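So this block is run_35.pdb, PDB, C-alpha atoms:
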ATOM      1  CA  MET A 337      60.632  -8.955  26.698  1.00  0.00           C
ATOM      2  CA  THR A 338      60.199  -5.316  25.742  1.00  0.00           C
ATOM      3  CA  GLU A 339      60.306  -2.287  28.001  1.00  0.00           C
ATOM      4  CA  SER A 340      56.557  -1.818  27.563  1.00  0.00           C
ATOM      5  CA  ASP A 341      56.015  -5.325  28.955  1.00  0.00           C
ATOM      6  CA  THR A 342      57.915  -4.543  32.133  1.00  0.00           C
ATOM      7  CA  ILE A 343      56.840  -0.985  32.956  1.00  0.00           C
ATOM      8  CA  VAL A 344      56.256  -0.690  36.683  1.00  0.00           C
ATOM      9  CA  ARG A 345      53.198   1.412  37.344  1.00  0.00           C
ATOM     10  CA  ALA A 346      51.299   2.468  40.404  1.00  0.00           C
ATOM     11  CA  PRO A 347      47.717   1.257  39.885  1.00  0.00           C
ATOM     12  CA  GLY A 348      45.613   4.090  38.530  1.00  0.00           C
ATOM     13  CA  ARG A 349      48.549   6.515  38.545  1.00  0.00           C
ATOM     14  CA  ARG A 350      51.197   7.870  36.209  1.00  0.00           C
ATOM     15  CA  LEU A 351      54.734   8.003  37.513  1.00  0.00           C
ATOM     16  CA  LEU A 352      56.862  11.028  36.617  1.00  0.00           C
ATOM     17  CA  PHE A 353      60.617  10.911  37.197  1.00  0.00           C
ATOM     18  CA  LEU A 354      61.977  14.317  38.155  1.00  0.00           C
ATOM     19  CA  ASP A 355      65.326  16.046  38.156  1.00  0.00           C
ATOM     20  CA  THR A 356      66.137  19.722  38.619  1.00  0.00           C
ATOM     21  CA  GLU A 357      69.211  21.895  38.365  1.00  0.00           C
ATOM     22  CA  PHE A 358      69.447  24.895  40.655  1.00  0.00           C
ATOM     23  CA  THR A 359      71.806  27.630  41.733  1.00  0.00           C
ATOM     24  CA  ASP A 360      73.266  26.239  44.966  1.00  0.00           C
ATOM     25  CA  LEU A 361      72.553  23.884  47.857  1.00  0.00           C
ATOM     26  CA  THR A 362      71.911  26.606  50.427  1.00  0.00           C
ATOM     27  CA  TYR A 363      69.268  28.785  48.799  1.00  0.00           C
ATOM     28  CA  GLY A 364      68.604  27.060  45.518  1.00  0.00           C
ATOM     29  CA  ARG A 365      66.805  28.868  42.712  1.00  0.00           C
ATOM     30  CA  LEU A 366      65.457  26.746  39.897  1.00  0.00           C
ATOM     31  CA  ILE A 367      67.466  26.831  36.664  1.00  0.00           C
ATOM     32  CA  SER A 368      66.103  23.834  34.741  1.00  0.00           C
ATOM     33  CA  ILE A 369      63.590  21.039  35.219  1.00  0.00           C
ATOM     34  CA  GLY A 370      63.178  17.680  33.521  1.00  0.00           C
ATOM     35  CA  LEU A 371      60.392  15.137  33.951  1.00  0.00           C
ATOM     36  CA  VAL A 372      59.895  11.827  32.174  1.00  0.00           C
ATOM     37  CA  ALA A 373      56.735   9.738  32.492  1.00  0.00           C
ATOM     38  CA  ASP A 374      56.837   5.984  33.046  1.00  0.00           C
ATOM     39  CA  THR A 375      55.484   5.692  29.499  1.00  0.00           C
ATOM     40  CA  GLY A 376      58.252   7.883  28.054  1.00  0.00           C
ATOM     41  CA  GLU A 377      56.672  11.324  27.543  1.00  0.00           C
ATOM     42  CA  SER A 378      58.947  14.138  28.671  1.00  0.00           C
ATOM     43  CA  PHE A 379      58.944  17.785  29.722  1.00  0.00           C
ATOM     44  CA  TYR A 380      61.993  20.036  29.850  1.00  0.00           C
ATOM     45  CA  ALA A 381      62.387  23.732  30.583  1.00  0.00           C
ATOM     46  CA  GLU A 382      65.235  26.143  31.253  1.00  0.00           C
ATOM     47  CA  LEU A 383      64.211  29.235  33.163  1.00  0.00           C
ATOM     48  CA  THR A 384      65.342  32.611  31.905  1.00  0.00           C
ATOM     49  CA  ASP A 385      64.326  34.465  35.071  1.00  0.00           C
ATOM     50  CA  GLY A 386      64.126  33.876  38.814  1.00  0.00           C
ATOM     51  CA  TRP A 387      67.873  33.324  39.135  1.00  0.00           C
ATOM     52  CA  GLN A 388      71.096  35.181  38.346  1.00  0.00           C
ATOM     53  CA  LEU A 389      74.660  34.149  37.673  1.00  0.00           C
ATOM     54  CA  ALA A 390      75.638  35.670  41.024  1.00  0.00           C
ATOM     55  CA  ASP A 391      73.319  33.162  42.753  1.00  0.00           C
ATOM     56  CA  CYS A 392      75.224  30.176  41.342  1.00  0.00           C
ATOM     57  CA  SER A 393      77.850  28.094  43.090  1.00  0.00           C
ATOM     58  CA  GLN A 394      81.136  27.560  41.289  1.00  0.00           C
ATOM     59  CA  PHE A 395      80.105  23.978  40.521  1.00  0.00           C
ATOM     60  CA  VAL A 396      76.931  25.180  38.823  1.00  0.00           C
ATOM     61  CA  LYS A 397      78.867  27.770  36.821  1.00  0.00           C
ATOM     62  CA  ASP A 398      81.443  25.196  35.728  1.00  0.00           C
ATOM     63  CA  VAL A 399      79.231  22.125  35.156  1.00  0.00           C
ATOM     64  CA  VAL A 400      75.513  22.944  34.928  1.00  0.00           C
ATOM     65  CA  LEU A 401      75.298  26.222  33.018  1.00  0.00           C
ATOM     66  CA  PRO A 402      77.417  25.043  30.035  1.00  0.00           C
ATOM     67  CA  LEU A 403      74.841  22.262  29.475  1.00  0.00           C
ATOM     68  CA  LEU A 404      71.885  24.604  29.021  1.00  0.00           C
ATOM     69  CA  GLN A 405      70.481  24.263  25.514  1.00  0.00           C
ATOM     70  CA  GLY A 406      68.583  27.519  25.076  1.00  0.00           C
ATOM     71  CA  GLY A 407      66.291  27.717  22.064  1.00  0.00           C
ATOM     72  CA  SER A 408      62.797  26.313  22.601  1.00  0.00           C
ATOM     73  CA  ALA A 409      63.796  24.989  26.051  1.00  0.00           C
ATOM     74  CA  ALA A 410      64.365  28.529  27.370  1.00  0.00           C
ATOM     75  CA  MET A 411      61.292  30.184  28.871  1.00  0.00           C
ATOM     76  CA  THR A 412      60.195  32.488  31.664  1.00  0.00           C
ATOM     77  CA  ARG A 413      58.947  31.084  34.963  1.00  0.00           C
ATOM     78  CA  THR A 414      55.427  32.112  34.006  1.00  0.00           C
ATOM     79  CA  GLU A 415      55.604  30.247  30.705  1.00  0.00           C
ATOM     80  CA  ALA A 416      57.237  27.202  32.339  1.00  0.00           C
ATOM     81  CA  ARG A 417      54.518  27.183  35.020  1.00  0.00           C
ATOM     82  CA  GLN A 418      51.753  27.209  32.416  1.00  0.00           C
ATOM     83  CA  ARG A 419      53.362  24.611  30.169  1.00  0.00           C
ATOM     84  CA  LEU A 420      54.236  22.232  33.018  1.00  0.00           C
ATOM     85  CA  SER A 421      50.771  22.514  34.557  1.00  0.00           C
ATOM     86  CA  GLN A 422      49.144  21.783  31.190  1.00  0.00           C
ATOM     87  CA  TRP A 423      51.515  18.885  30.534  1.00  0.00           C
ATOM     88  CA  ILE A 424      50.718  17.235  33.865  1.00  0.00           C
ATOM     89  CA  GLN A 425      46.983  17.825  33.430  1.00  0.00           C
ATOM     90  CA  GLY A 426      47.221  16.059  30.078  1.00  0.00           C
ATOM     91  CA  PHE A 427      47.586  12.729  31.868  1.00  0.00           C
ATOM     92  CA  THR A 428      44.220  11.061  32.451  1.00  0.00           C
ATOM     93  CA  ALA A 429      45.225   9.610  35.818  1.00  0.00           C
ATOM     94  CA  PRO A 430      46.643  11.003  39.043  1.00  0.00           C
ATOM     95  CA  VAL A 431      50.325  11.837  38.659  1.00  0.00           C
ATOM     96  CA  TRP A 432      52.962  10.876  41.225  1.00  0.00           C
ATOM     97  CA  ILE A 433      56.453  12.384  41.077  1.00  0.00           C
ATOM     98  CA  LEU A 434      59.516  10.291  41.941  1.00  0.00           C
ATOM     99  CA  SER A 435      62.870  11.918  42.644  1.00  0.00           C
ATOM    100  CA  ASP A 436      66.202  10.869  44.122  1.00  0.00           C
ATOM    101  CA  ALA A 437      66.502  14.268  45.861  1.00  0.00           C
ATOM    102  CA  THR A 438      63.021  15.159  47.064  1.00  0.00           C
ATOM    103  CA  ASP A 439      64.305  17.622  49.687  1.00  0.00           C
ATOM    104  CA  PHE A 440      65.665  19.792  46.876  1.00  0.00           C
ATOM    105  CA  ASP A 441      63.514  18.930  43.856  1.00  0.00           C
ATOM    106  CA  TRP A 442      60.033  18.961  45.370  1.00  0.00           C
ATOM    107  CA  PRO A 443      60.104  22.475  46.905  1.00  0.00           C
ATOM    108  CA  LEU A 444      61.353  23.831  43.566  1.00  0.00           C
ATOM    109  CA  VAL A 445      58.506  22.138  41.682  1.00  0.00           C
ATOM    110  CA  LYS A 446      55.923  23.387  44.187  1.00  0.00           C
ATOM    111  CA  GLY A 447      57.333  26.883  43.909  1.00  0.00           C
ATOM    112  CA  LEU A 448      57.244  26.784  40.127  1.00  0.00           C
ATOM    113  CA  LEU A 449      53.648  25.510  40.076  1.00  0.00           C
ATOM    114  CA  SER A 450      52.416  27.937  42.735  1.00  0.00           C
ATOM    115  CA  GLY A 451      49.026  29.208  41.632  1.00  0.00           C
ATOM    116  CA  ALA A 452      48.773  26.627  38.853  1.00  0.00           C
ATOM    117  CA  MET A 453      48.970  23.319  40.752  1.00  0.00           C
ATOM    118  CA  PRO A 454      47.405  20.594  38.577  1.00  0.00           C
ATOM    119  CA  SER A 455      44.447  18.918  40.261  1.00  0.00           C
ATOM    120  CA  ASN A 456      45.754  15.462  39.307  1.00  0.00           C
ATOM    121  CA  LEU A 457      49.202  15.977  40.866  1.00  0.00           C
ATOM    122  CA  ILE A 458      49.570  13.954  44.074  1.00  0.00           C
ATOM    123  CA  PRO A 459      50.721  16.531  46.668  1.00  0.00           C
ATOM    124  CA  TYR A 460      53.732  14.613  47.949  1.00  0.00           C
ATOM    125  CA  PRO A 461      56.637  13.001  46.085  1.00  0.00           C
ATOM    126  CA  ALA A 462      58.159   9.539  46.374  1.00  0.00           C
ATOM    127  CA  LEU A 463      61.856   9.260  47.177  1.00  0.00           C
ATOM    128  CA  PHE A 464      63.523   6.811  44.804  1.00  0.00           C
ATOM    129  CA  MET A 465      67.124   6.145  45.827  1.00  0.00           C
ATOM    130  CA  PRO A 466      68.863   3.591  43.605  1.00  0.00           C
ATOM    131  CA  ALA A 467      71.846   3.706  45.981  1.00  0.00           C
ATOM    132  CA  ASN A 468      69.715   1.897  48.588  1.00  0.00           C
ATOM    133  CA  PHE A 469      69.878  -1.266  46.458  1.00  0.00           C
ATOM    134  CA  THR A 470      73.477  -1.952  47.427  1.00  0.00           C
ATOM    135  CA  ASP A 471      73.674  -5.503  46.051  1.00  0.00           C
ATOM    136  CA  LEU A 472      72.558  -4.295  42.623  1.00  0.00           C
ATOM    137  CA  GLN A 473      74.833  -1.262  42.292  1.00  0.00           C
ATOM    138  CA  PRO A 474      77.006  -2.596  39.441  1.00  0.00           C
ATOM    139  CA  GLN A 475      73.940  -3.423  37.311  1.00  0.00           C
ATOM    140  CA  LEU A 476      72.191  -0.143  38.160  1.00  0.00           C
ATOM    141  CA  LEU A 477      75.282   1.919  37.403  1.00  0.00           C
ATOM    142  CA  GLU A 478      75.659   0.146  34.065  1.00  0.00           C
ATOM    143  CA  CYS A 479      71.991   0.841  33.290  1.00  0.00           C
ATOM    144  CA  ARG A 480      72.439   4.529  34.114  1.00  0.00           C
ATOM    145  CA  GLN A 481      75.578   4.816  31.995  1.00  0.00           C
ATOM    146  CA  ARG A 482      73.916   3.003  29.096  1.00  0.00           C
ATOM    147  CA  THR A 483      70.944   5.374  29.273  1.00  0.00           C
ATOM    148  CA  LEU A 484      73.111   8.478  29.339  1.00  0.00           C
ATOM    149  CA  ALA A 485      75.114   7.021  26.415  1.00  0.00           C
ATOM    150  CA  GLY A 486      77.759   9.733  26.456  1.00  0.00           C
ATOM    151  CA  ARG A 487      75.362  12.534  27.368  1.00  0.00           C
ATOM    152  CA  PRO A 488      76.491  14.508  30.422  1.00  0.00           C
ATOM    153  CA  GLU A 489      75.136  14.227  33.935  1.00  0.00           C
ATOM    154  CA  HIS A 490      73.724  17.347  35.631  1.00  0.00           C
ATOM    155  CA  HIS A 491      71.362  18.019  32.751  1.00  0.00           C
ATOM    156  CA  ALA A 492      67.856  17.837  34.221  1.00  0.00           C
ATOM    157  CA  LEU A 493      66.193  15.930  31.379  1.00  0.00           C
ATOM    158  CA  TYR A 494      69.024  13.441  30.862  1.00  0.00           C
ATOM    159  CA  ASP A 495      69.189  12.700  34.591  1.00  0.00           C
ATOM    160  CA  ALA A 496      65.400  12.238  34.748  1.00  0.00           C
ATOM    161  CA  GLU A 497      65.604   9.810  31.820  1.00  0.00           C
ATOM    162  CA  ALA A 498      68.363   7.881  33.596  1.00  0.00           C
ATOM    163  CA  LEU A 499      66.339   7.736  36.817  1.00  0.00           C
ATOM    164  CA  ARG A 500      63.368   6.318  34.895  1.00  0.00           C
ATOM    165  CA  ALA A 501      65.565   3.723  33.185  1.00  0.00           C
ATOM    166  CA  VAL A 502      67.023   2.555  36.486  1.00  0.00           C
ATOM    167  CA  PHE A 503      63.550   2.302  38.027  1.00  0.00           C
ATOM    168  CA  LEU A 504      62.254   0.216  35.124  1.00  0.00           C
ATOM    169  CA  PHE A 505      65.375  -1.956  35.225  1.00  0.00           C
ATOM    170  CA  LEU A 506      64.792  -2.568  38.927  1.00  0.00           C
ATOM    171  CA  GLY A 507      61.288  -3.654  38.003  1.00  0.00           C
ATOM    172  CA  GLU A 508      62.825  -6.240  35.681  1.00  0.00           C
ATOM    173  CA  LEU A 509      65.295  -7.442  38.318  1.00  0.00           C
ATOM    174  CA  LEU A 510      62.947  -7.535  41.302  1.00  0.00           C
ATOM    175  CA  GLY A 511      59.621  -7.952  39.563  1.00  0.00           C
ATOM    176  CA  PRO A 512      57.078  -5.125  39.240  1.00  0.00           C
ATOM    177  CA  GLU A 513      55.036  -6.302  42.224  1.00  0.00           C
ATOM    178  CA  ALA A 514      58.053  -6.385  44.545  1.00  0.00           C
ATOM    179  CA  LEU A 515      59.131  -2.913  43.491  1.00  0.00           C
ATOM    180  CA  ALA A 516      55.589  -1.602  43.890  1.00  0.00           C
ATOM    181  CA  ARG A 517      55.435  -3.037  47.417  1.00  0.00           C
ATOM    182  CA  HIS A 518      58.832  -1.545  48.211  1.00  0.00           C
ATOM    183  CA  TYR A 519      57.583   1.913  47.247  1.00  0.00           C
ATOM    184  CA  GLY A 520      54.149   1.558  48.822  1.00  0.00           C
ATOM    185  CA  TYR A 521      52.045   2.520  45.833  1.00  0.00           C
ATOM    186  CA  ASP A 522      48.841   2.130  47.783  1.00  0.00           C
ATOM    187  CA  ILE A 523      49.820   4.849  50.270  1.00  0.00           C
ATOM    188  CA  GLY A 524      47.623   7.900  50.048  1.00  0.00           C
ATOM    189  CA  GLY A 525      44.132   6.690  49.404  1.00  0.00           C
ATOM    190  CA  GLU A 526      42.053   4.629  47.071  1.00  0.00           C
ATOM    191  CA  GLU A 527      43.291   3.819  43.602  1.00  0.00           C
ATOM    192  CA  SER A 528      41.417   4.835  40.494  1.00  0.00           C
ATOM    193  CA  ALA A 529      40.280   2.179  38.073  1.00  0.00           C
ATOM    194  CA  GLU A 530      41.518   4.372  35.215  1.00  0.00           C
ATOM    195  CA  GLY A 531      45.066   4.583  33.895  1.00  0.00           C
ATOM    196  CA  GLY A 532      47.735   2.156  35.053  1.00  0.00           C
TER     197      GLY A 532
END
Output the file's structure in the form of structure tokens.
Amino acid sequence: MTESDTIVRAPGRRLLFLDTEFTDLTYGRLISIGLVADTGESFYAELTDGWQLADCSQFVKDVVLPLLQGGSAAMTRTEARQRLSQWIQGFTAPVWILSDATDFDWPLVKGLLSGAMPSNLIPYPALFMPANFTDLQPQLLECRQRTLAGRPEHHALYDAEALRAVFLFLGELLGPEALARHYGYDIGGEESAEGG
């Protein structure tokens, strides 16, 4: 069975797995953002403005900042806003964001997209917490480690890819229908016949 055979999808929707890195837990300013679609497409940006080194906690200085890639990933907030909005709008179905830290990630995404909110972006995220599946923790941890494959944690794109992998693996373990019921895909209105 291939991954494409077991992808868990919300009917009529695209799922985007989100991770962000930000300056600190108290008054976080967005540093980098990674999103990976259920079908594998990805978006990654590192912001060159909107935050300063002085804003960063010691953990961020020691662990997060050394992982920034620069190059084509580095862009201003304005450029990141435009590119992310266009990327999301490129999906032909409504887009639903899943995160394991919605209280932190979602406000940062909304702030970044302010004034350029894609019309197909569902205006609330889903909280996906792999830690809630206590009986499956060894398998889920192994899946996460296998996905990272030596790449460091606390890199927004790598962590988003790992979150997606764990979600899809849960779909294999529990069955796509059970996972869909667990996350209430039908919440929020009628489903579109497109996509999925």
task = Taking the file as shown, find all residues satisfying the PyMOL selection byres ((chain A and resi 479) around 12) and write them as a PyMOL selection string.
result = chain A and resi 466+472-478+480-485+497-506+508-509
ask   = Residues at most 12 Å from Gln405 of chain A, counting only C-alpha atoms, excluding those fewer than 2 positions away in the same chain, as a VMD selection string?
value = chain A and resid 367 to 368 380 to 384 400 to 403 407 to 411 491 to 493
inquiry  = Can you measure atom CA of Ser455 of chain A to atom CA of Thr356 of chain A for me? One decimal in Å is fine.
reply    =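 Result for atom CA of Ser455 of chain A versus atom CA of Thr356 of chain A: 21.8 Å, one decimal.
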task = Evaluate the PyMOL selection byres ((chain A and resi 363) around 12) and record the selected residues as an NGL selection string, following the chain and residue labels used in the document.
result = :A and (358-362 or 364-366 or 387 or 391-393 or 440 or 443-444)
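The smallest atom-to-atom distance between Asp374 of chain A and any of A:Arg487, A:Lys397, A:Arg349, A:Arg419, using all atoms listed in the file, is found for A:Arg349.
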task = Tell me, in Å to one decimal, how far atom CA of Phe427 of chain A is from atom CA of Glu513 of chain A.
result =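 For atom CA of Phe427 of chain A relative to atom CA of Glu513 of chain A, the distance reads 22.9 Å.
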task = Using all atoms listed in the file, pick whichever of A:Phe353, A:Pro430, A:Val399, A:Gly348 has the shortest atom-to-atom distance to Gly376 of chain A.
result =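 Of A:Phe353, A:Pro430, A:Val399, A:Gly348, the one nearest Gly376 of chain A, counting all atoms listed in the file, is A:Phe353.
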Atom CA of Gly370 of chain A to atom CA of Asp471 of chain A, distance in Å rounded to a single decimal = 28.4 Å
Given the file shown, enumerate the residues that the PyMOL selection byres ((chain A and resi 442) around 12) captures and present them as a short mmCIF file (atom, residue, chain, number, x, y, z; two decimals) with C-alpha atoms, in the coordinates of the input.
data_model
loop_
_atom_site.label_atom_id
_atom_site.label_comp_id
_atom_site.auth_asym_id
_atom_site.auth_seq_id
_atom_site.Cartn_x
_atom_site.Cartn_y
_atom_site.Cartn_z
CA PHE A 353 60.62 10.91 37.20
CA LEU A 354 61.98 14.32 38.16
CA ASP A 355 65.33 16.05 38.16
CA THR A 356 66.14 19.72 38.62
CA GLU A 357 69.21 21.90 38.36
CA GLY A 364 68.60 27.06 45.52
CA LEU A 366 65.46 26.75 39.90
CA ILE A 369 63.59 21.04 35.22
CA TRP A 432 52.96 10.88 41.22
CA ILE A 433 56.45 12.38 41.08
CA LEU A 434 59.52 10.29 41.94
CA SER A 435 62.87 11.92 42.64
CA ASP A 436 66.20 10.87 44.12
CA ALA A 437 66.50 14.27 45.86
CA THR A 438 63.02 15.16 47.06
CA ASP A 439 64.31 17.62 49.69
CA PHE A 440 65.67 19.79 46.88
CA ASP A 441 63.51 18.93 43.86
CA PRO A 443 60.10 22.48 46.90
CA LEU A 444 61.35 23.83 43.57
CA VAL A 445 58.51 22.14 41.68
CA LYS A 446 55.92 23.39 44.19
CA GLY A 447 57.33 26.88 43.91
CA LEU A 448 57.24 26.78 40.13
CA LEU A 449 53.65 25.51 40.08
CA ILE A 458 49.57 13.95 44.07
CA PRO A 459 50.72 16.53 46.67
CA TYR A 460 53.73 14.61 47.95
CA PRO A 461 56.64 13.00 46.08
CA ALA A 462 58.16 9.54 46.37
CA LEU A 463 61.86 9.26 47.18
#
key: Residue nearest Met453 of chain A among A:Ala429, A:Met465, A:Ala390, A:Leu420 (counting all atoms listed in the file)   = A:Leu420
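Proximity to Gly426 of chain A at 10 Å, evaluated using all atoms listed in the file and with sequence-adjacent residues fewer than 4 positions away removed, yields A:Leu420, A:Ser421, A:Gln422, A:Pro454, A:Asn456.
Closest approach to Thr375 of chain A from the set A:Leu404, A:Asp495, A:Leu389, A:Leu351 is made by A:Leu351, with distances taken over only C-alpha atoms.
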